[in-house]
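Accompanying notes for the structure given below.
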Amino acid sequence: MADAKKKGLSEAERQAYIDRYGLTPAEASYDILIRMIEDMFADGLKTEVEPFPETDREFGQLLDALRELSPDQLRQKLILSGWLLEPYGEEQMRCQECMYYLVHKRWCDLPELDLPAKPDWWCRLWRI
Amino acid sequence: MANLLWLQGGACSGNTMSFLNAEEPSACDLVTDFGINVLWQPSLGLELGDQVKSIIEKCISGEIKLDIFVFEGTVINAPNGTGEWNRFCGRPMKEWVKELAAAADFVVAIGDCATWGGIPATAPNPSDSEGLQFLKREKGGALGADFTAKSGLPVINIPGCPAHPDWVTQILVGVATGRAGDLTLDEFQRPKTFFSSFTQTGCTRNMHFAYKVSTTAFGQRKGCLFYDLGCRGPMTHSPCNRILWNRHSSKTRAGMPCLGCTEPEFPFYDLAPGTVFKTQTVMGVPRDMPEGVDKKGYIKLTAAAKGAAPAWAEEDIFVV
């Protein structure tokens with residue numbers, strides 16, 4: 001029931017994924033998801049890096065928004081989470097030290113993201 | 001034979017319920033094996049009304065020797081300092097408490113409410129509640145900072161919401177059998193034998209704490225509850241994972257974050273929305289660090305631990 005309410009891809013977006021990768025993000029393997037993410041940034045994707053969620057209420061609001069998305073909405077997930085393919089800030093925060101990052105699986109274990117990630121990437125849901 | 005009187009102020013009876021579940025020793029053992037004479041207890045006493053009042057008055061006058069006075073719940077001062085919101089046997093409970101505490105050899109506060117005010121004393125504290133000798137971290141409370149019972153000891157605080165039954169019965173046995181001299185209390189007058197270690201001591205999730213793997217949602221058996229779900233185990237003094245609940249479990253073992261209920265600040269952040277079951281952070285770094293750890297050290301430790309974590313730490317190893 002909850003999945004039925006989630007926003008899905010438009011037909012055009014769906015077709016674009018099929019044309020380029022032969023499948024959509026929800027069906028993609030680890031390697032293809034990594035490729036999809038890197039390709040989006042190579043194509044000029046800008047994500048909402050700021051504001052950093054300072055309070056838990058702000059953090060929770062981001063999670064609420066992410067929960068609305070279906071696994072296929074990879075692009076929106078990256079935008080909302082402020083995803084970057086490099087460390088961020090003076091302290092060079094990165095996935096490697098984030099609590100949600102599984103270093104061996106190279107995976108973001110935050111249920112609302114649930115995506116592959118490289119150690120030197122970052123997003124604004126970072127926690128240590 | 002040691003005479004014990006137990007009264008309740010602003011209480012939910014949770015500590016009485018806990019006490020009645022004690023096993024080592026049990027509430028019955030206190031009577032049959034350790035010579036404790038329960039003069040009256042709200043859930044056990046047979047006397048009613050004037051009969052209870054008579055017992056209390058005899059304790060105060062010295063006609064009945066009062067060895068141990070146990071208090072559960074807050075001392076209520078509302079309205080306007082009168083304590084009229086909590087009347088018992090014809091007068092405000094706070095007046096009985098002062099007179100009984102002065103008459104007793106030992107005074108024992110059971111549970112957060114009696115120790116430092118607990119949930120009722122959370123802002124805005126409408127019942128003007130306080131503990132026997134503390135209001136949250138501030139020493140004083142209903143009996144005053146300098147109070148000592150006839151034995152020379154201040155109020156013995158056994159906090160918790162509720163206190164573990166065996167903490168209660170073991171301290172009562174110690175006092176009743178003349179071993180009070182062996183008790184050492186910490187700065188909040190908690191027996192050090194129970195409250196020097198942390199809730200985290202003995203936690204089955206410690207390996208996940210060490211390797212910095214987080215539980216990210218309720219129901220997961222892998223991961224540490226500290227990083228995301230607000231667990232206060234690393235900075236809460238209690239033996240919850242040494243003296244297990246119901247002899248076989250604890251909050252953290254059951255997947256429930258420690259709420260820090262043996263500390264004076266409980267409930268933390270005055271229960272503001274979003275502060276329960278969520279680790280409070282500043283720029284992604286926990287606001288409350290494990291005791292004795294600073295931010296810089298924490299970041300270094302995290303980097304090293306995650307770099308060294310074995311693959312199995314990312315799995316649910318508790319296979320049924």
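Ligands are numbered from 1 in the order shown, chains are lettered A, B, ... in the order of the structure tokens, and residues start at 1 in each chain.
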Which residues of chain B come within 12 Å of chain A, and for each one, what is the closest pair of atoms and their distance in Å to one decimal, counting only C-alpha atoms, sorted by chain and residue number, as a tab-separated table?
```
residue	atom	partner	partner_atom	distance
B:His208	CA	A:Met99	CA	10.8
B:Phe209	CA	A:Met99	CA	10.4
B:Ala210	CA	A:Met99	CA	11.9
B:Tyr211	CA	A:Met99	CA	10.0
B:Lys212	CA	A:Met99	CA	6.5
B:Val213	CA	A:Met99	CA	6.2
B:Ser214	CA	A:Met99	CA	5.8
B:Thr215	CA	A:Tyr100	CA	8.5
B:Thr216	CA	A:Leu110	CA	6.1
B:Ala217	CA	A:Pro111	CA	7.6
B:Phe218	CA	A:Pro111	CA	11.1
B:Gln220	CA	A:Pro111	CA	11.5
B:Lys222	CA	A:Asp109	CA	11.6
B:Gly223	CA	A:Met99	CA	9.8
B:Cys224	CA	A:Met99	CA	9.8
B:Leu225	CA	A:Met99	CA	10.9
B:Phe226	CA	A:Met99	CA	10.2
B:Tyr227	CA	A:Met99	CA	6.7
B:Asp228	CA	A:Met99	CA	7.9
B:Leu229	CA	A:Asp56	CA	11.4
B:Gly230	CA	A:Asp56	CA	11.1
B:Ala272	CA	A:Arg57	CA	10.5
B:Pro273	CA	A:Arg57	CA	8.1
B:Gly274	CA	A:Arg57	CA	6.1
B:Thr275	CA	A:Asp56	CA	7.6
B:Val276	CA	A:Asp56	CA	10.3
B:Phe277	CA	A:Asp56	CA	10.8
B:Lys278	CA	A:Asp56	CA	7.5
B:Thr279	CA	A:Asp56	CA	8.2
B:Gln280	CA	A:Asp56	CA	6.6
B:Thr281	CA	A:Thr55	CA	7.3
B:Val282	CA	A:Glu54	CA	6.3
B:Met283	CA	A:Glu54	CA	5.9
B:Gly284	CA	A:Arg127	CA	4.2
B:Val285	CA	A:Ile128	CA	5.4
B:Pro286	CA	A:Ile128	CA	7.2
B:Arg287	CA	A:Ile128	CA	10.9
B:Met289	CA	A:Ile128	CA	11.1
B:Lys295	CA	A:Ile128	CA	10.3
B:Lys296	CA	A:Glu91	CA	11.0
B:Tyr298	CA	A:Ile128	CA	8.7
B:Ile299	CA	A:Ile128	CA	7.3
B:Lys300	CA	A:Glu97	CA	9.4
B:Leu301	CA	A:Glu97	CA	9.8
B:Thr302	CA	A:Glu97	CA	6.3
B:Ala303	CA	A:Glu97	CA	5.4
B:Ala304	CA	A:Glu97	CA	8.8
B:Ala305	CA	A:Glu97	CA	8.9
B:Lys306	CA	A:Glu97	CA	6.5
B:Gly307	CA	A:Val103	CA	7.5
B:Ala308	CA	A:Val103	CA	9.4
B:Ala309	CA	A:Val103	CA	7.9
B:Pro310	CA	A:His104	CA	7.8
B:Ala311	CA	A:His104	CA	5.7
B:Trp312	CA	A:His104	CA	9.1
B:Ala313	CA	A:Leu102	CA	9.1
B:Glu314	CA	A:Leu102	CA	6.4
B:Glu315	CA	A:Leu102	CA	9.7
```
Keeping only C-alpha atoms, write the selected residues to a file as a PDB file, in the first residue's frame.
```pdb
ATOM      1  CA  HIS B 208      28.990  -2.945  16.555  1.00  0.00           C
ATOM      2  CA  PHE B 209      29.790   0.087  18.688  1.00  0.00           C
ATOM      3  CA  ALA B 210      33.474  -0.699  18.355  1.00  0.00           C
ATOM      4  CA  TYR B 211      33.315  -1.082  14.579  1.00  0.00           C
ATOM      5  CA  LYS B 212      30.979   1.889  14.141  1.00  0.00           C
ATOM      6  CA  VAL B 213      28.153   0.030  12.498  1.00  0.00           C
ATOM      7  CA  SER B 214      24.792   1.614  13.166  1.00  0.00           C
ATOM      8  CA  THR B 215      21.333   0.164  13.620  1.00  0.00           C
ATOM      9  CA  THR B 216      19.400   2.247  11.122  1.00  0.00           C
ATOM     10  CA  ALA B 217      15.846   1.144  11.901  1.00  0.00           C
ATOM     11  CA  PHE B 218      13.996  -0.518  14.746  1.00  0.00           C
ATOM     12  CA  GLN B 220      17.412  -4.708  13.223  1.00  0.00           C
ATOM     13  CA  LYS B 222      22.802  -5.784  13.767  1.00  0.00           C
ATOM     14  CA  GLY B 223      24.359  -2.459  14.623  1.00  0.00           C
ATOM     15  CA  CYS B 224      24.722  -0.185  17.609  1.00  0.00           C
ATOM     16  CA  LEU B 225      21.750   1.874  18.785  1.00  0.00           C
ATOM     17  CA  PHE B 226      23.911   4.816  19.876  1.00  0.00           C
ATOM     18  CA  TYR B 227      24.731   6.294  16.495  1.00  0.00           C
ATOM     19  CA  ASP B 228      21.278   6.968  15.140  1.00  0.00           C
ATOM     20  CA  LEU B 229      18.494   5.804  17.430  1.00  0.00           C
ATOM     21  CA  GLY B 230      19.358   7.904  20.476  1.00  0.00           C
ATOM     22  CA  ALA B 272      11.035  18.024  23.029  1.00  0.00           C
ATOM     23  CA  PRO B 273       9.645  16.590  19.767  1.00  0.00           C
ATOM     24  CA  GLY B 274      12.300  14.725  17.800  1.00  0.00           C
ATOM     25  CA  THR B 275      14.601  14.135  20.760  1.00  0.00           C
ATOM     26  CA  VAL B 276      13.447  10.644  21.723  1.00  0.00           C
ATOM     27  CA  PHE B 277      14.815   7.677  19.783  1.00  0.00           C
ATOM     28  CA  LYS B 278      17.006   9.995  17.713  1.00  0.00           C
ATOM     29  CA  THR B 279      20.641  10.743  18.369  1.00  0.00           C
ATOM     30  CA  GLN B 280      20.985  14.501  18.660  1.00  0.00           C
ATOM     31  CA  THR B 281      23.751  15.854  16.441  1.00  0.00           C
ATOM     32  CA  VAL B 282      25.553  19.052  15.553  1.00  0.00           C
ATOM     33  CA  MET B 283      26.702  19.011  11.926  1.00  0.00           C
ATOM     34  CA  GLY B 284      26.351  15.255  11.930  1.00  0.00           C
ATOM     35  CA  VAL B 285      28.407  14.735  15.111  1.00  0.00           C
ATOM     36  CA  PRO B 286      26.628  13.438  18.257  1.00  0.00           C
ATOM     37  CA  ARG B 287      25.816  16.202  20.742  1.00  0.00           C
ATOM     38  CA  MET B 289      29.513  11.849  23.398  1.00  0.00           C
ATOM     39  CA  LYS B 295      34.826  15.325  19.499  1.00  0.00           C
ATOM     40  CA  LYS B 296      38.285  15.175  17.984  1.00  0.00           C
ATOM     41  CA  TYR B 298      35.626  10.527  18.486  1.00  0.00           C
ATOM     42  CA  ILE B 299      36.195  11.442  14.842  1.00  0.00           C
ATOM     43  CA  LYS B 300      39.640   9.855  14.845  1.00  0.00           C
ATOM     44  CA  LEU B 301      38.313   6.735  16.525  1.00  0.00           C
ATOM     45  CA  THR B 302      35.491   6.462  14.000  1.00  0.00           C
ATOM     46  CA  ALA B 303      37.833   6.738  11.035  1.00  0.00           C
ATOM     47  CA  ALA B 304      40.146   4.096  12.472  1.00  0.00           C
ATOM     48  CA  ALA B 305      37.344   1.757  13.515  1.00  0.00           C
ATOM     49  CA  LYS B 306      35.497   1.892  10.215  1.00  0.00           C
ATOM     50  CA  GLY B 307      38.748   1.338   8.376  1.00  0.00           C
ATOM     51  CA  ALA B 308      39.480  -1.749  10.452  1.00  0.00           C
ATOM     52  CA  ALA B 309      35.959  -3.179  10.726  1.00  0.00           C
ATOM     53  CA  PRO B 310      35.606  -6.799   9.597  1.00  0.00           C
ATOM     54  CA  ALA B 311      32.986  -7.718   7.017  1.00  0.00           C
ATOM     55  CA  TRP B 312      30.911  -9.739   9.480  1.00  0.00           C
ATOM     56  CA  ALA B 313      30.247  -6.599  11.500  1.00  0.00           C
ATOM     57  CA  GLU B 314      27.925  -5.476   8.704  1.00  0.00           C
ATOM     58  CA  GLU B 315      25.800  -8.611   8.926  1.00  0.00           C
TER      59      GLU B 315
END
```
Item to complete: Find the residues near Ser10 in chain A: any atom within 10 Å, counting only C-alpha atoms, skip ones fewer than 5 places away on the same chain, and give them as a ChimeraX atom specification.
Response: /A:15-16,73
What's the 12 Å shell around range 28-40 of chain A, counting only C-alpha atoms, without same-chain residues fewer than 6 positions away, as a short mmCIF file (atom, residue, chain, number, x, y, z; two decimals) with N, CA and C atoms, in the first residue's frame?
```
data_model
loop_
_atom_site.label_atom_id
_atom_site.label_comp_id
_atom_site.auth_asym_id
_atom_site.auth_seq_id
_atom_site.Cartn_x
_atom_site.Cartn_y
_atom_site.Cartn_z
N ALA A 16 14.11 6.66 -20.95
CA ALA A 16 15.51 7.11 -21.03
C ALA A 16 16.45 6.12 -20.34
N TYR A 17 16.03 5.64 -19.19
CA TYR A 17 16.84 4.63 -18.48
C TYR A 17 16.96 3.35 -19.32
N ILE A 18 15.84 2.92 -19.88
CA ILE A 18 15.85 1.67 -20.66
C ILE A 18 16.78 1.82 -21.87
N ARG A 20 19.33 3.72 -22.22
CA ARG A 20 20.76 3.85 -21.91
C ARG A 20 21.33 2.62 -21.21
N TYR A 21 20.51 2.02 -20.29
CA TYR A 21 21.06 0.92 -19.47
C TYR A 21 20.33 -0.41 -19.66
N GLY A 22 19.20 -0.36 -20.33
CA GLY A 22 18.44 -1.60 -20.52
C GLY A 22 17.53 -1.92 -19.35
N LYS A 46 23.15 18.76 -10.53
CA LYS A 46 23.42 19.60 -9.35
C LYS A 46 22.49 19.14 -8.23
N THR A 47 23.05 18.91 -7.06
CA THR A 47 22.24 18.43 -5.95
C THR A 47 22.12 19.50 -4.87
N PRO A 71 12.15 3.38 -5.48
CA PRO A 71 13.55 3.01 -5.77
C PRO A 71 14.00 3.45 -7.16
N ASP A 72 13.05 3.65 -8.07
CA ASP A 72 13.41 4.08 -9.42
C ASP A 72 13.84 5.55 -9.47
N GLN A 73 13.43 6.31 -8.48
CA GLN A 73 13.69 7.76 -8.56
C GLN A 73 15.08 8.12 -8.03
N LEU A 74 16.04 7.54 -8.66
CA LEU A 74 17.42 7.73 -8.27
C LEU A 74 17.84 9.20 -8.35
N ARG A 75 17.50 9.84 -9.42
CA ARG A 75 17.90 11.24 -9.62
C ARG A 75 17.38 12.12 -8.48
N GLN A 76 16.11 11.94 -8.14
CA GLN A 76 15.52 12.74 -7.06
C GLN A 76 16.17 12.45 -5.71
N LYS A 77 16.48 11.18 -5.50
CA LYS A 77 17.17 10.81 -4.25
C LYS A 77 18.50 11.54 -4.12
N LEU A 78 19.23 11.56 -5.22
CA LEU A 78 20.54 12.22 -5.20
C LEU A 78 20.39 13.72 -4.96
N ILE A 79 19.41 14.31 -5.59
CA ILE A 79 19.21 15.76 -5.45
C ILE A 79 18.83 16.11 -4.01
N TRP A 83 23.75 14.74 -2.62
CA TRP A 83 24.83 13.77 -2.95
C TRP A 83 25.98 14.46 -3.69
N LEU A 84 27.19 14.12 -3.35
CA LEU A 84 28.38 14.60 -4.05
C LEU A 84 29.33 13.44 -4.31
N LEU A 85 30.13 13.57 -5.35
CA LEU A 85 31.10 12.51 -5.64
C LEU A 85 32.48 12.88 -5.09
N GLU A 86 32.49 13.68 -4.04
CA GLU A 86 33.77 14.07 -3.41
C GLU A 86 33.49 14.41 -1.95
N LYS A 105 30.58 -3.55 2.07
CA LYS A 105 29.58 -3.64 1.00
C LYS A 105 29.60 -2.41 0.11
N ARG A 106 30.30 -1.37 0.58
CA ARG A 106 30.33 -0.09 -0.14
C ARG A 106 28.89 0.36 -0.44
N TRP A 107 28.16 0.44 0.64
CA TRP A 107 26.72 0.66 0.49
C TRP A 107 26.24 1.64 1.56
N CYS A 108 25.32 2.54 1.19
CA CYS A 108 24.70 3.42 2.18
C CYS A 108 23.50 2.68 2.76
N ASP A 114 19.55 3.76 0.66
CA ASP A 114 19.73 2.38 0.23
C ASP A 114 20.37 2.31 -1.15
N LEU A 115 21.57 2.90 -1.25
CA LEU A 115 22.25 3.01 -2.53
C LEU A 115 23.72 2.62 -2.40
N PRO A 116 24.33 2.22 -3.50
CA PRO A 116 25.78 2.00 -3.45
C PRO A 116 26.50 3.33 -3.33
N ALA A 117 27.66 3.32 -2.71
CA ALA A 117 28.41 4.58 -2.56
C ALA A 117 29.89 4.26 -2.46
N LYS A 118 30.69 5.21 -2.90
CA LYS A 118 32.14 5.06 -2.79
C LYS A 118 32.63 5.80 -1.55
N TRP A 121 32.72 9.68 -1.39
CA TRP A 121 31.51 10.44 -1.69
C TRP A 121 30.95 11.01 -0.39
#
```
Contact residues around range 121-132 of chain B with only C-alpha atoms at 10 Å, ignoring same-chain residues under 2 positions, as an mmCIF file with N, CA and C atoms, in the first residue's frame:
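As a result, around-v8.cif now contains:
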```cif
data_model
loop_
_atom_site.group_PDB
_atom_site.id
_atom_site.type_symbol
_atom_site.label_atom_id
_atom_site.label_comp_id
_atom_site.auth_asym_id
_atom_site.auth_seq_id
_atom_site.Cartn_x
_atom_site.Cartn_y
_atom_site.Cartn_z
ATOM 1 N N GLY B 9 4.639 9.057 46.781
ATOM 2 C CA GLY B 9 4.206 10.427 46.538
ATOM 3 C C GLY B 9 3.623 10.536 45.143
ATOM 4 N N GLY B 10 4.198 11.413 44.320
ATOM 5 C CA GLY B 10 3.753 11.555 42.934
ATOM 6 C C GLY B 10 4.314 10.399 42.135
ATOM 7 N N PHE B 71 10.891 5.730 50.011
ATOM 8 C CA PHE B 71 9.940 6.625 49.348
ATOM 9 C C PHE B 71 10.021 6.432 47.847
ATOM 10 N N GLU B 72 8.845 6.367 47.242
ATOM 11 C CA GLU B 72 8.698 6.181 45.787
ATOM 12 C C GLU B 72 7.849 7.341 45.267
ATOM 13 N N GLY B 73 8.268 7.946 44.161
ATOM 14 C CA GLY B 73 7.489 9.058 43.613
ATOM 15 C C GLY B 73 8.066 10.396 44.056
ATOM 16 N N THR B 74 7.558 11.440 43.433
ATOM 17 C CA THR B 74 8.085 12.767 43.752
ATOM 18 C C THR B 74 7.469 13.304 45.041
ATOM 19 N N VAL B 75 8.154 14.269 45.596
ATOM 20 C CA VAL B 75 7.550 15.074 46.650
ATOM 21 C C VAL B 75 6.873 16.235 45.938
ATOM 22 N N ILE B 76 5.556 16.314 46.098
ATOM 23 C CA ILE B 76 4.774 17.326 45.380
ATOM 24 C C ILE B 76 4.598 18.562 46.266
ATOM 25 N N ASN B 77 4.918 19.716 45.718
ATOM 26 C CA ASN B 77 4.823 20.962 46.488
ATOM 27 C C ASN B 77 3.652 21.848 46.068
ATOM 28 N N ALA B 78 3.054 21.525 44.911
ATOM 29 C CA ALA B 78 1.954 22.369 44.419
ATOM 30 C C ALA B 78 0.689 22.147 45.260
ATOM 31 N N PRO B 79 -0.178 23.139 45.366
ATOM 32 C CA PRO B 79 -0.031 24.480 44.819
ATOM 33 C C PRO B 79 0.671 25.405 45.813
ATOM 34 N N ASN B 80 1.448 26.289 45.278
ATOM 35 C CA ASN B 80 2.090 27.358 46.054
ATOM 36 C C ASN B 80 2.890 26.847 47.251
ATOM 37 N N GLY B 81 3.532 25.728 47.061
ATOM 38 C CA GLY B 81 4.401 25.219 48.122
ATOM 39 C C GLY B 81 3.693 24.499 49.245
ATOM 40 N N GLY B 83 1.814 21.629 48.998
ATOM 41 C CA GLY B 83 1.763 20.177 48.863
ATOM 42 C C GLY B 83 0.368 19.601 48.932
ATOM 43 N N TRP B 85 -1.771 19.148 46.744
ATOM 44 C CA TRP B 85 -2.166 18.296 45.622
ATOM 45 C C TRP B 85 -1.914 16.824 45.929
ATOM 46 N N ASN B 86 -1.139 16.545 46.922
ATOM 47 C CA ASN B 86 -0.859 15.145 47.279
ATOM 48 C C ASN B 86 -1.066 14.974 48.782
ATOM 49 N N LYS B 94 4.160 15.719 51.754
ATOM 50 C CA LYS B 94 5.499 16.291 51.978
ATOM 51 C C LYS B 94 5.781 16.473 53.470
ATOM 52 N N VAL B 97 6.713 13.098 54.874
ATOM 53 C CA VAL B 97 8.050 12.717 54.397
ATOM 54 C C VAL B 97 9.128 13.339 55.279
ATOM 55 N N LYS B 98 8.992 14.609 55.579
ATOM 56 C CA LYS B 98 10.016 15.287 56.393
ATOM 57 C C LYS B 98 10.117 14.652 57.776
ATOM 58 N N ALA B 101 11.499 11.008 57.535
ATOM 59 C CA ALA B 101 12.929 10.994 57.202
ATOM 60 C C ALA B 101 13.767 11.339 58.430
ATOM 61 N N VAL B 107 17.149 6.367 54.885
ATOM 62 C CA VAL B 107 16.117 6.815 53.943
ATOM 63 C C VAL B 107 16.552 6.372 52.545
ATOM 64 N N VAL B 108 15.669 5.669 51.868
ATOM 65 C CA VAL B 108 15.985 5.145 50.535
ATOM 66 C C VAL B 108 14.975 5.694 49.540
ATOM 67 N N ALA B 109 15.476 6.362 48.507
ATOM 68 C CA ALA B 109 14.611 6.873 47.433
ATOM 69 C C ALA B 109 14.655 5.883 46.285
ATOM 70 N N ILE B 110 13.482 5.411 45.879
ATOM 71 C CA ILE B 110 13.411 4.394 44.819
ATOM 72 C C ILE B 110 12.822 5.018 43.559
ATOM 73 N N GLY B 111 13.570 4.903 42.452
ATOM 74 C CA GLY B 111 13.067 5.398 41.169
ATOM 75 C C GLY B 111 13.425 6.853 40.938
ATOM 76 N N ASP B 112 13.345 7.237 39.669
ATOM 77 C CA ASP B 112 13.738 8.598 39.282
ATOM 78 C C ASP B 112 12.939 9.683 39.976
ATOM 79 N N CYS B 113 11.658 9.448 40.180
ATOM 80 C CA CYS B 113 10.814 10.499 40.747
ATOM 81 C C CYS B 113 11.257 10.826 42.167
ATOM 82 N N ALA B 114 11.533 9.801 42.956
ATOM 83 C CA ALA B 114 11.941 10.040 44.336
ATOM 84 C C ALA B 114 13.387 10.521 44.432
ATOM 85 N N THR B 115 14.208 10.154 43.457
ATOM 86 C CA THR B 115 15.616 10.557 43.536
ATOM 87 C C THR B 115 15.805 11.991 43.056
ATOM 88 N N TRP B 116 15.325 12.275 41.818
ATOM 89 C CA TRP B 116 15.531 13.659 41.326
ATOM 90 C C TRP B 116 14.339 14.269 40.609
ATOM 91 N N GLY B 117 13.209 13.737 40.782
ATOM 92 C CA GLY B 117 12.008 14.378 40.209
ATOM 93 C C GLY B 117 11.464 13.690 38.985
ATOM 94 N N GLY B 118 12.349 13.068 38.193
ATOM 95 C CA GLY B 118 11.920 12.272 37.047
ATOM 96 C C GLY B 118 11.009 12.996 36.080
ATOM 97 N N ILE B 119 10.088 12.276 35.504
ATOM 98 C CA ILE B 119 9.197 12.845 34.486
ATOM 99 C C ILE B 119 8.287 13.939 35.071
ATOM 100 N N PHE B 134 17.366 15.794 45.669
ATOM 101 C CA PHE B 134 17.827 16.424 44.427
ATOM 102 C C PHE B 134 16.621 16.913 43.641
ATOM 103 N N LEU B 135 16.838 17.943 42.844
ATOM 104 C CA LEU B 135 15.910 18.294 41.781
ATOM 105 C C LEU B 135 16.754 18.280 40.516
ATOM 106 N N LYS B 136 16.573 17.221 39.731
ATOM 107 C CA LYS B 136 17.476 16.958 38.612
ATOM 108 C C LYS B 136 18.909 16.921 39.151
ATOM 109 N N LYS B 139 21.454 19.703 43.950
ATOM 110 C CA LYS B 139 21.282 19.083 45.263
ATOM 111 C C LYS B 139 20.387 19.962 46.138
ATOM 112 N N GLY B 140 19.613 19.334 46.974
ATOM 113 C CA GLY B 140 18.678 20.066 47.831
ATOM 114 C C GLY B 140 17.418 19.251 48.006
ATOM 115 N N GLY B 141 16.510 19.396 47.052
ATOM 116 C CA GLY B 141 15.277 18.618 47.075
ATOM 117 C C GLY B 141 14.444 18.891 48.314
ATOM 118 N N ALA B 142 13.551 17.974 48.597
ATOM 119 C CA ALA B 142 12.582 18.180 49.685
ATOM 120 C C ALA B 142 13.239 18.169 51.060
ATOM 121 N N LEU B 143 14.304 17.408 51.207
ATOM 122 C CA LEU B 143 14.906 17.287 52.541
ATOM 123 C C LEU B 143 16.096 18.221 52.749
ATOM 124 N N GLY B 144 16.550 18.862 51.698
ATOM 125 C CA GLY B 144 17.677 19.789 51.828
ATOM 126 C C GLY B 144 19.011 19.097 51.587
ATOM 127 N N ALA B 145 19.965 19.889 51.127
ATOM 128 C CA ALA B 145 21.266 19.341 50.735
ATOM 129 C C ALA B 145 22.019 18.725 51.910
ATOM 130 N N PHE B 147 20.810 17.142 54.534
ATOM 131 C CA PHE B 147 20.103 16.103 55.294
ATOM 132 C C PHE B 147 20.932 14.821 55.411
ATOM 133 N N PRO B 154 23.260 10.120 53.866
ATOM 134 C CA PRO B 154 22.205 10.901 53.193
ATOM 135 C C PRO B 154 21.194 9.930 52.591
ATOM 136 N N VAL B 155 20.242 10.458 51.862
ATOM 137 C CA VAL B 155 19.285 9.587 51.159
ATOM 138 C C VAL B 155 20.060 8.674 50.212
ATOM 139 N N ILE B 156 19.766 7.402 50.265
ATOM 140 C CA ILE B 156 20.369 6.455 49.319
ATOM 141 C C ILE B 156 19.488 6.448 48.077
ATOM 142 N N ASN B 157 20.048 6.880 46.969
ATOM 143 C CA ASN B 157 19.267 7.010 45.735
ATOM 144 C C ASN B 157 19.399 5.772 44.855
ATOM 145 N N GLU B 265 19.134 13.908 34.533
ATOM 146 C CA GLU B 265 18.495 14.714 33.482
ATOM 147 C C GLU B 265 17.328 14.004 32.813
ATOM 148 N N PHE B 266 17.154 12.726 33.123
ATOM 149 C CA PHE B 266 16.067 11.983 32.476
ATOM 150 C C PHE B 266 14.709 12.611 32.810
ATOM 151 N N PRO B 267 13.785 12.791 31.871
ATOM 152 C CA PRO B 267 13.903 12.518 30.444
ATOM 153 C C PRO B 267 14.665 13.650 29.744
ATOM 154 N N PHE B 268 15.593 13.278 28.898
ATOM 155 C CA PHE B 268 16.505 14.244 28.303
ATOM 156 C C PHE B 268 15.783 15.201 27.350
ATOM 157 N N TYR B 269 16.342 16.384 27.241
ATOM 158 C CA TYR B 269 15.817 17.450 26.370
ATOM 159 C C TYR B 269 14.342 17.748 26.651
ATOM 160 N N ASP B 270 13.943 17.491 27.884
ATOM 161 C CA ASP B 270 12.557 17.772 28.295
ATOM 162 C C ASP B 270 11.529 17.203 27.320
ATOM 163 N N LEU B 271 11.892 16.099 26.699
ATOM 164 C CA LEU B 271 10.986 15.385 25.781
ATOM 165 C C LEU B 271 10.555 16.236 24.588
#
```
Worksheet item: Taking into account only C-alpha atoms, which residue in the set A:Glu68, A:Pro51, A:Pro87, A:Gln92 is nearest to Trp122 in chain A?
Response: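 Ranked by minimum distance to Trp122 in chain A, first place goes to A:Pro87.
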Worksheet entry | Test item, helix (DSSP H, G or I) assignment across chain A, answer as a ChimeraX atom specification | /A:2-5,11-21,25-27,30-42,56-67,74-81,95-97
Worksheet item: What's the 12 Å shell around Thr177 in chain B, counting only C-alpha atoms, without same-chain residues fewer than 5 positions away, as a list in words?
Response: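 Contacts, with the query itself left out: Met1, Ala2, Asn3, Leu30, Val31, Asp33, Phe34, Gly35, Ile36, Asp67, Ile68, Thr169, Gln170, Ile171, Leu172 and Asp182 of chain B.
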Discussion item. Please compute the CA of Pro191 in chain B-CA of Cys261 in chain B distance, one decimal, in Å.
Written reply: 15.5 Å
Worksheet item: Within 10 Å of Asp50 in chain B, counting only C-alpha atoms, which residues qualify if same-chain residues fewer than 6 places away don't, as JSON, numbers by chain?
Response: {"B": [56, 89, 90]}
Please, could you write that set of residues out with N, CA and C atoms as a PDB file, in the first residue's frame?
```pdb
ATOM      1  N   ILE B  56       2.134   5.386  60.997  1.00  0.00           N
ATOM      2  CA  ILE B  56       3.057   6.470  60.639  1.00  0.00           C
ATOM      3  C   ILE B  56       3.352   7.343  61.864  1.00  0.00           C
ATOM      4  N   CYS B  89      -3.407  10.522  54.433  1.00  0.00           N
ATOM      5  CA  CYS B  89      -3.737  10.420  55.856  1.00  0.00           C
ATOM      6  C   CYS B  89      -3.949  11.805  56.485  1.00  0.00           C
ATOM      7  N   GLY B  90      -4.700  12.616  55.789  1.00  0.00           N
ATOM      8  CA  GLY B  90      -5.152  13.862  56.381  1.00  0.00           C
ATOM      9  C   GLY B  90      -4.242  15.057  56.295  1.00  0.00           C
TER      10      GLY B  90
END
```
